Amino acid sequence: MLRFRMTVRIHPSWQAALAPEFEKPYWAQLTAFVKAEYAAGPCFPPGRLILRAFDATPFDAVKVVILGQDPYHTPRAAMGLSFSVPEGSRAQPSLQNIFKELATDVGGARTSTDLSDWAAQGVLLLNAVLTVRQGSPASHAKQGWETLTDAVIQTLSEQREGLVFVLWGAYSMSKRSLIDATHHKVLTSAHPSPFSAYKGFLGSKPFSNANAYLRSRGVAEIDWVGGG
């Protein structure tokens with residue numbers, strides 16, 4: 001049983017895939033920590049969106065996984081999908097660089113900061129840590145979220161075939177051992193953060209490379225530019 005009393009949604013396919021995790025002691029400890037943090041002060045994303053990635057992209061629909069670290073820690077930014085920002089909010093610097101690379105990689109300028117259309121096409125926009133305290137990046141790290149999201153990556157690797165895992169930056173690349181690269185495509189590069197984007201992210205062509213792999217397997221490509 002999920003046993004998460006905050007108002008969250010999770011697709012039934014993920015509920016089934018992750019059922020063993022929700023019965024482990026760490027999950028009860030994690031949910032107690034998250035509830036206490038949200039009661040104590042502003043945290044992000046809003047409670048109802050904490051597990052949004054799992055509701056927006058069903059388990060059997062996943063084609064691509066884009067792994068982030070933890071949610072944006074400023075108001076009106078985090079929305080439960082890694083790197084995505086609600087429409088009408090300013091694109092965060094990492095997202096600006098993602099769009100810059102997208103334009104040079106596949107052509108076309110994307111202006112919509114809400115990446116829900118990617119999620120609807122099968123892109124699991126997953127952060128390793130799913131909550132954060134306002135103004136305090138990584139404040140909810142090492143509380144149990146990583147155990148859950150490591151299980152997500154490993155379950156996808158073991159139970160699905162021919163996925164694309166996009167790992168940006170050293171932290172995301174540390175998860176590479178969870179993925180069976182003989183059955184999946186793993187794309188790695190520097191992080192799109194302004195501190196590292198020019199050290200290998202820009203010019204890495206993750207979007208066209210992901211689509212080329214999907215196309216080689218007869219799977220519908222992702223329309224990365226659509227939505228704006």
# chains A, B, ... in the order shown; residues from 1 in each chain; ligands from 1
>>> closest_atom_pairs(of="stretch 158-199 of chain A", to="stretch 56-60 of chain A", cutoff="12 Å", atoms="only C-alpha atoms", output="Markdown table")
| residue | atom | partner | partner_atom | distance |
| --- | --- | --- | --- | --- |
| A:Gln159 | CA | A:Asp60 | CA | 9.5 |
| A:Arg160 | CA | A:Asp60 | CA | 7.8 |
| A:Glu161 | CA | A:Asp60 | CA | 10.3 |
| A:Gly162 | CA | A:Asp60 | CA | 12.0 |
| A:Leu163 | CA | A:Asp60 | CA | 10.9 |
>>> write_last_selection(atoms="C-alpha atoms", output="PDB file, in the first residue's frame")
ATOM      1  CA  GLN A 159      11.474  -5.066 -16.721  1.00  0.00           C
ATOM      2  CA  ARG A 160      11.523  -2.902 -19.845  1.00  0.00           C
ATOM      3  CA  GLU A 161      13.574  -3.115 -23.045  1.00  0.00           C
ATOM      4  CA  GLY A 162      15.087  -0.498 -25.332  1.00  0.00           C
ATOM      5  CA  LEU A 163      14.750   2.619 -23.186  1.00  0.00           C
TER       6      LEU A 163
END
>>> closest_residue(among="A:Ser172, A:Ser13, A:Ser193, A:Ser84", to="A:Asp117", atoms="only C-alpha atoms")
A:Ser84
>>> residues_around(residues="A:Ser112", least_positions_apart="3", cutoff="10 Å", atoms="only C-alpha atoms", output="PDB file with N, CA, C and O atoms, in the first residue's frame")
ATOM      1  N   SER A  84      11.270  20.850 -15.501  1.00  0.00           N
ATOM      2  CA  SER A  84      10.085  21.546 -15.997  1.00  0.00           C
ATOM      3  C   SER A  84       9.669  22.666 -15.059  1.00  0.00           C
ATOM      4  O   SER A  84       9.818  22.566 -13.839  1.00  0.00           O
ATOM      5  N   VAL A  85       9.132  23.739 -15.644  1.00  0.00           N
ATOM      6  CA  VAL A  85       8.655  24.900 -14.902  1.00  0.00           C
ATOM      7  C   VAL A  85       7.248  25.224 -15.409  1.00  0.00           C
ATOM      8  O   VAL A  85       6.998  25.168 -16.612  1.00  0.00           O
ATOM      9  N   PRO A  86       6.304  25.568 -14.514  1.00  0.00           N
ATOM     10  CA  PRO A  86       4.953  25.879 -14.961  1.00  0.00           C
ATOM     11  C   PRO A  86       4.930  27.002 -15.997  1.00  0.00           C
ATOM     12  O   PRO A  86       5.754  27.920 -15.949  1.00  0.00           O
ATOM     13  N   GLU A  87       3.999  26.897 -16.928  1.00  0.00           N
ATOM     14  CA  GLU A  87       3.851  27.938 -17.941  1.00  0.00           C
ATOM     15  C   GLU A  87       3.616  29.278 -17.269  1.00  0.00           C
ATOM     16  O   GLU A  87       2.866  29.390 -16.305  1.00  0.00           O
ATOM     17  N   GLY A  88       4.308  30.288 -17.758  1.00  0.00           N
ATOM     18  CA  GLY A  88       4.184  31.619 -17.178  1.00  0.00           C
ATOM     19  C   GLY A  88       5.272  31.943 -16.178  1.00  0.00           C
ATOM     20  O   GLY A  88       5.435  33.099 -15.794  1.00  0.00           O
ATOM     21  N   SER A  89       6.010  30.919 -15.746  1.00  0.00           N
ATOM     22  CA  SER A  89       7.147  31.144 -14.863  1.00  0.00           C
ATOM     23  C   SER A  89       8.420  31.257 -15.697  1.00  0.00           C
ATOM     24  O   SER A  89       8.501  30.721 -16.798  1.00  0.00           O
ATOM     25  N   ALA A  91      11.940  30.468 -17.102  1.00  0.00           N
ATOM     26  CA  ALA A  91      12.746  29.258 -17.249  1.00  0.00           C
ATOM     27  C   ALA A  91      13.983  29.373 -16.375  1.00  0.00           C
ATOM     28  O   ALA A  91      14.667  30.390 -16.375  1.00  0.00           O
ATOM     29  N   PHE A  99      17.020  24.214 -23.664  1.00  0.00           N
ATOM     30  CA  PHE A  99      16.363  24.734 -24.873  1.00  0.00           C
ATOM     31  C   PHE A  99      17.387  25.210 -25.909  1.00  0.00           C
ATOM     32  O   PHE A  99      17.173  25.083 -27.116  1.00  0.00           O
ATOM     33  N   ALA A 109      12.624  26.429 -32.171  1.00  0.00           N
ATOM     34  CA  ALA A 109      12.761  27.068 -30.863  1.00  0.00           C
ATOM     35  C   ALA A 109      11.576  26.705 -29.989  1.00  0.00           C
ATOM     36  O   ALA A 109      10.430  27.001 -30.319  1.00  0.00           O
ATOM     37  N   LEU A 115       7.032  21.015 -19.440  1.00  0.00           N
ATOM     38  CA  LEU A 115       7.445  19.846 -20.223  1.00  0.00           C
ATOM     39  C   LEU A 115       6.455  18.695 -20.125  1.00  0.00           C
ATOM     40  O   LEU A 115       6.794  17.545 -20.411  1.00  0.00           O
ATOM     41  N   SER A 116       5.216  19.015 -19.753  1.00  0.00           N
ATOM     42  CA  SER A 116       4.201  17.969 -19.632  1.00  0.00           C
ATOM     43  C   SER A 116       3.981  17.221 -20.936  1.00  0.00           C
ATOM     44  O   SER A 116       3.640  16.033 -20.924  1.00  0.00           O
ATOM     45  N   ASP A 117       4.180  17.899 -22.071  1.00  0.00           N
ATOM     46  CA  ASP A 117       3.994  17.219 -23.356  1.00  0.00           C
ATOM     47  C   ASP A 117       5.071  16.149 -23.575  1.00  0.00           C
ATOM     48  O   ASP A 117       4.817  15.124 -24.198  1.00  0.00           O
ATOM     49  N   VAL A 225      10.267  19.659 -29.636  1.00  0.00           N
ATOM     50  CA  VAL A 225      10.021  21.089 -29.808  1.00  0.00           C
ATOM     51  C   VAL A 225       8.564  21.442 -29.552  1.00  0.00           C
ATOM     52  O   VAL A 225       8.246  22.528 -29.093  1.00  0.00           O
ATOM     53  N   GLY A 226       7.660  20.536 -29.841  1.00  0.00           N
ATOM     54  CA  GLY A 226       6.229  20.799 -29.697  1.00  0.00           C
ATOM     55  C   GLY A 226       5.886  21.343 -28.338  1.00  0.00           C
ATOM     56  O   GLY A 226       6.524  21.008 -27.338  1.00  0.00           O
ATOM     57  N   GLY A 227       4.887  22.189 -28.280  1.00  0.00           N
ATOM     58  CA  GLY A 227       4.498  22.787 -27.022  1.00  0.00           C
ATOM     59  C   GLY A 227       4.900  24.248 -26.934  1.00  0.00           C
ATOM     60  O   GLY A 227       4.640  24.932 -25.971  1.00  0.00           O
ATOM     61  N   GLY A 228       5.516  24.740 -27.988  1.00  0.00           N
ATOM     62  CA  GLY A 228       5.829  26.153 -27.949  1.00  0.00           C
ATOM     63  C   GLY A 228       6.861  26.559 -28.950  1.00  0.00           C
ATOM     64  O   GLY A 228       7.699  25.847 -29.377  1.00  0.00           O
TER      65      GLY A 228
END
>>> closest_atom_pairs(of="stretch 160-203 of chain A", to="stretch 67-83 of chain A", cutoff="9 Å", atoms="only C-alpha atoms", output="JSON lines")
{"residue": "A:Phe165", "atom": "CA", "partner": "A:Leu67", "partner_atom": "CA", "distance": 7.8}
{"residue": "A:Val166", "atom": "CA", "partner": "A:Leu67", "partner_atom": "CA", "distance": 6.4}
{"residue": "A:Leu167", "atom": "CA", "partner": "A:Leu67", "partner_atom": "CA", "distance": 5.8}
{"residue": "A:Trp168", "atom": "CA", "partner": "A:Leu67", "partner_atom": "CA", "distance": 7.2}
{"residue": "A:Gly169", "atom": "CA", "partner": "A:Gly68", "partner_atom": "CA", "distance": 8.9}
{"residue": "A:Tyr171", "atom": "CA", "partner": "A:Gln69", "partner_atom": "CA", "distance": 7.2}
{"residue": "A:Ser172", "atom": "CA", "partner": "A:Leu67", "partner_atom": "CA", "distance": 6.3}
>>> select_by_dssp(residues="stretch 117-226 of chain A", states="strand (DSSP E)", output="list in words")
Val123, Leu124, Leu125, Leu126, Asn127, Val132, Arg133, Val164, Phe165, Val166, Leu167, Trp168, Lys185, Val186, Leu187, Thr188 and Ser189 of chain A
>>> write_last_selection(atoms="N, CA, C and O atoms", output="compact mmCIF listing (two decimals), in the first residue's frame")
# COMPACT_ATOMS: atom_id res chain seq x y z
N VAL A 123 8.34 10.42 -21.85
CA VAL A 123 9.59 10.85 -21.22
C VAL A 123 9.36 10.97 -19.71
O VAL A 123 8.62 11.84 -19.25
N LEU A 124 9.97 10.06 -18.96
CA LEU A 124 9.86 10.11 -17.51
C LEU A 124 10.83 11.15 -16.98
O LEU A 124 12.05 10.99 -17.06
N LEU A 125 10.29 12.24 -16.48
CA LEU A 125 11.08 13.37 -15.99
C LEU A 125 11.25 13.19 -14.48
O LEU A 125 10.46 13.67 -13.67
N LEU A 126 12.30 12.47 -14.12
CA LEU A 126 12.48 11.97 -12.77
C LEU A 126 13.61 12.69 -12.05
O LEU A 126 14.74 12.73 -12.54
N ASN A 127 13.32 13.22 -10.89
CA ASN A 127 14.37 13.69 -10.00
C ASN A 127 14.76 12.57 -9.04
O ASN A 127 13.91 11.75 -8.65
N VAL A 132 11.93 19.23 -1.64
CA VAL A 132 12.99 20.12 -1.17
C VAL A 132 12.38 21.22 -0.31
O VAL A 132 11.24 21.63 -0.53
N ARG A 133 13.14 21.71 0.68
CA ARG A 133 12.72 22.84 1.49
C ARG A 133 13.03 24.13 0.74
O ARG A 133 14.07 24.25 0.07
N VAL A 164 15.80 4.78 -23.38
CA VAL A 164 16.91 5.73 -23.40
C VAL A 164 17.01 6.37 -22.03
O VAL A 164 16.04 6.97 -21.54
N PHE A 165 18.16 6.26 -21.39
CA PHE A 165 18.41 6.90 -20.10
C PHE A 165 19.35 8.08 -20.34
O PHE A 165 20.46 7.90 -20.85
N VAL A 166 18.89 9.28 -20.00
CA VAL A 166 19.66 10.50 -20.20
C VAL A 166 20.20 10.96 -18.85
O VAL A 166 19.43 11.36 -17.96
N LEU A 167 21.51 10.89 -18.69
CA LEU A 167 22.16 11.21 -17.43
C LEU A 167 23.05 12.43 -17.61
O LEU A 167 24.08 12.36 -18.28
N TRP A 168 22.65 13.55 -17.04
CA TRP A 168 23.38 14.80 -17.17
C TRP A 168 24.11 15.11 -15.86
O TRP A 168 23.48 15.28 -14.82
N LYS A 185 19.80 2.23 -24.09
CA LYS A 185 20.75 3.25 -24.53
C LYS A 185 20.97 4.23 -23.38
O LYS A 185 20.02 4.76 -22.80
N VAL A 186 22.23 4.47 -23.04
CA VAL A 186 22.57 5.42 -21.98
C VAL A 186 23.32 6.59 -22.60
O VAL A 186 24.38 6.41 -23.22
N LEU A 187 22.76 7.79 -22.45
CA LEU A 187 23.38 9.01 -22.96
C LEU A 187 23.87 9.84 -21.78
O LEU A 187 23.12 10.12 -20.85
N THR A 188 25.13 10.22 -21.80
CA THR A 188 25.70 10.98 -20.70
C THR A 188 26.39 12.25 -21.23
O THR A 188 26.86 12.29 -22.37
N SER A 189 26.43 13.25 -20.38
CA SER A 189 27.15 14.49 -20.71
C SER A 189 27.25 15.32 -19.44
O SER A 189 26.72 14.94 -18.39
>>> residues_around(residues="stretch 25-42 of chain A", least_positions_apart="3", cutoff="12 Å", atoms="only C-alpha atoms", output="PDB file with C-alpha atoms, in the first residue's frame")
ATOM      1  CA  MET A   1       0.000   0.000   0.000  1.00  0.00           C
ATOM      2  CA  LEU A   2       1.205   3.500  -0.853  1.00  0.00           C
ATOM      3  CA  ARG A   3       0.351   4.930   2.612  1.00  0.00           C
ATOM      4  CA  PHE A   4       1.096   8.527   1.607  1.00  0.00           C
ATOM      5  CA  ARG A   5      -1.555  10.683   3.273  1.00  0.00           C
ATOM      6  CA  MET A   6      -0.734  13.838   1.359  1.00  0.00           C
ATOM      7  CA  THR A   7      -3.010  14.260  -1.652  1.00  0.00           C
ATOM      8  CA  VAL A   8      -0.841  12.690  -4.339  1.00  0.00           C
ATOM      9  CA  LEU A  18       6.759  -0.122  -6.932  1.00  0.00           C
ATOM     10  CA  ALA A  19       4.496  -1.991  -4.518  1.00  0.00           C
ATOM     11  CA  PRO A  20       7.437  -3.758  -2.799  1.00  0.00           C
ATOM     12  CA  GLU A  21       9.066  -0.393  -2.057  1.00  0.00           C
ATOM     13  CA  PHE A  22       5.957   0.983  -0.388  1.00  0.00           C
ATOM     14  CA  PRO A  45       6.723  20.920  -5.257  1.00  0.00           C
ATOM     15  CA  PRO A  46       3.176  21.325  -3.906  1.00  0.00           C
ATOM     16  CA  GLY A  47       2.167  18.164  -2.074  1.00  0.00           C
ATOM     17  CA  ARG A  48      -0.242  16.972  -4.738  1.00  0.00           C
ATOM     18  CA  ILE A  50       5.282  15.179  -5.428  1.00  0.00           C
ATOM     19  CA  HIS A  73      13.832  25.270  -4.422  1.00  0.00           C
ATOM     20  CA  THR A  74      12.251  28.638  -5.321  1.00  0.00           C
ATOM     21  CA  PRO A  75       8.525  29.480  -5.400  1.00  0.00           C
ATOM     22  CA  ARG A  76       6.444  28.773  -8.534  1.00  0.00           C
ATOM     23  CA  VAL A 129      15.044  13.407  -4.738  1.00  0.00           C
ATOM     24  CA  LEU A 130      11.398  14.400  -5.089  1.00  0.00           C
ATOM     25  CA  THR A 131      11.001  17.176  -2.508  1.00  0.00           C
ATOM     26  CA  VAL A 132      12.990  20.115  -1.166  1.00  0.00           C
ATOM     27  CA  ARG A 133      12.718  22.840   1.486  1.00  0.00           C
ATOM     28  CA  GLN A 134      12.367  26.372   0.143  1.00  0.00           C
ATOM     29  CA  GLY A 135      15.728  28.041  -0.386  1.00  0.00           C
ATOM     30  CA  SER A 136      17.684  24.964   0.683  1.00  0.00           C
ATOM     31  CA  SER A 139      17.688  19.604   2.021  1.00  0.00           C
ATOM     32  CA  HIS A 140      15.634  16.439   1.543  1.00  0.00           C
ATOM     33  CA  ALA A 141      18.509  14.322   0.246  1.00  0.00           C
ATOM     34  CA  LYS A 142      19.516  11.115   2.062  1.00  0.00           C
ATOM     35  CA  GLN A 143      16.092  10.721   3.649  1.00  0.00           C
ATOM     36  CA  GLY A 144      14.933   7.817   1.485  1.00  0.00           C
ATOM     37  CA  TRP A 145      13.958   9.337  -1.838  1.00  0.00           C
ATOM     38  CA  GLU A 146      17.123   8.024  -3.465  1.00  0.00           C
ATOM     39  CA  THR A 147      16.239   4.489  -2.386  1.00  0.00           C
ATOM     40  CA  LEU A 148      12.883   4.805  -4.147  1.00  0.00           C
ATOM     41  CA  THR A 149      14.191   6.424  -7.311  1.00  0.00           C
TER      42      THR A 149
END
>>> closest_residue(among="A:Ala210, A:Val65, A:Ala170, A:Leu202", to="A:Lys100", atoms="only C-alpha atoms")
A:Leu202
>>> select_by_dssp(residues="stretch 22-83 of chain A", states="alpha helix (DSSP H)", output="ChimeraX atom specification")
/A:22,25-40,52-56
>>> atom_distance(atom1="atom CA of A:Trp118", atom2="atom CA of A:Thr182")
25.1 Å
>>> residues_around(residues="A:Ser208", least_positions_apart="4", cutoff="10 Å", atoms="only C-alpha atoms", output="number ranges by chain")
A: 102, 105-107, 204, 212-214, 221-222, 224
>>> atom_distance(atom1="atom CA of A:Leu51", atom2="atom CA of A:Ala16")
14.4 Å
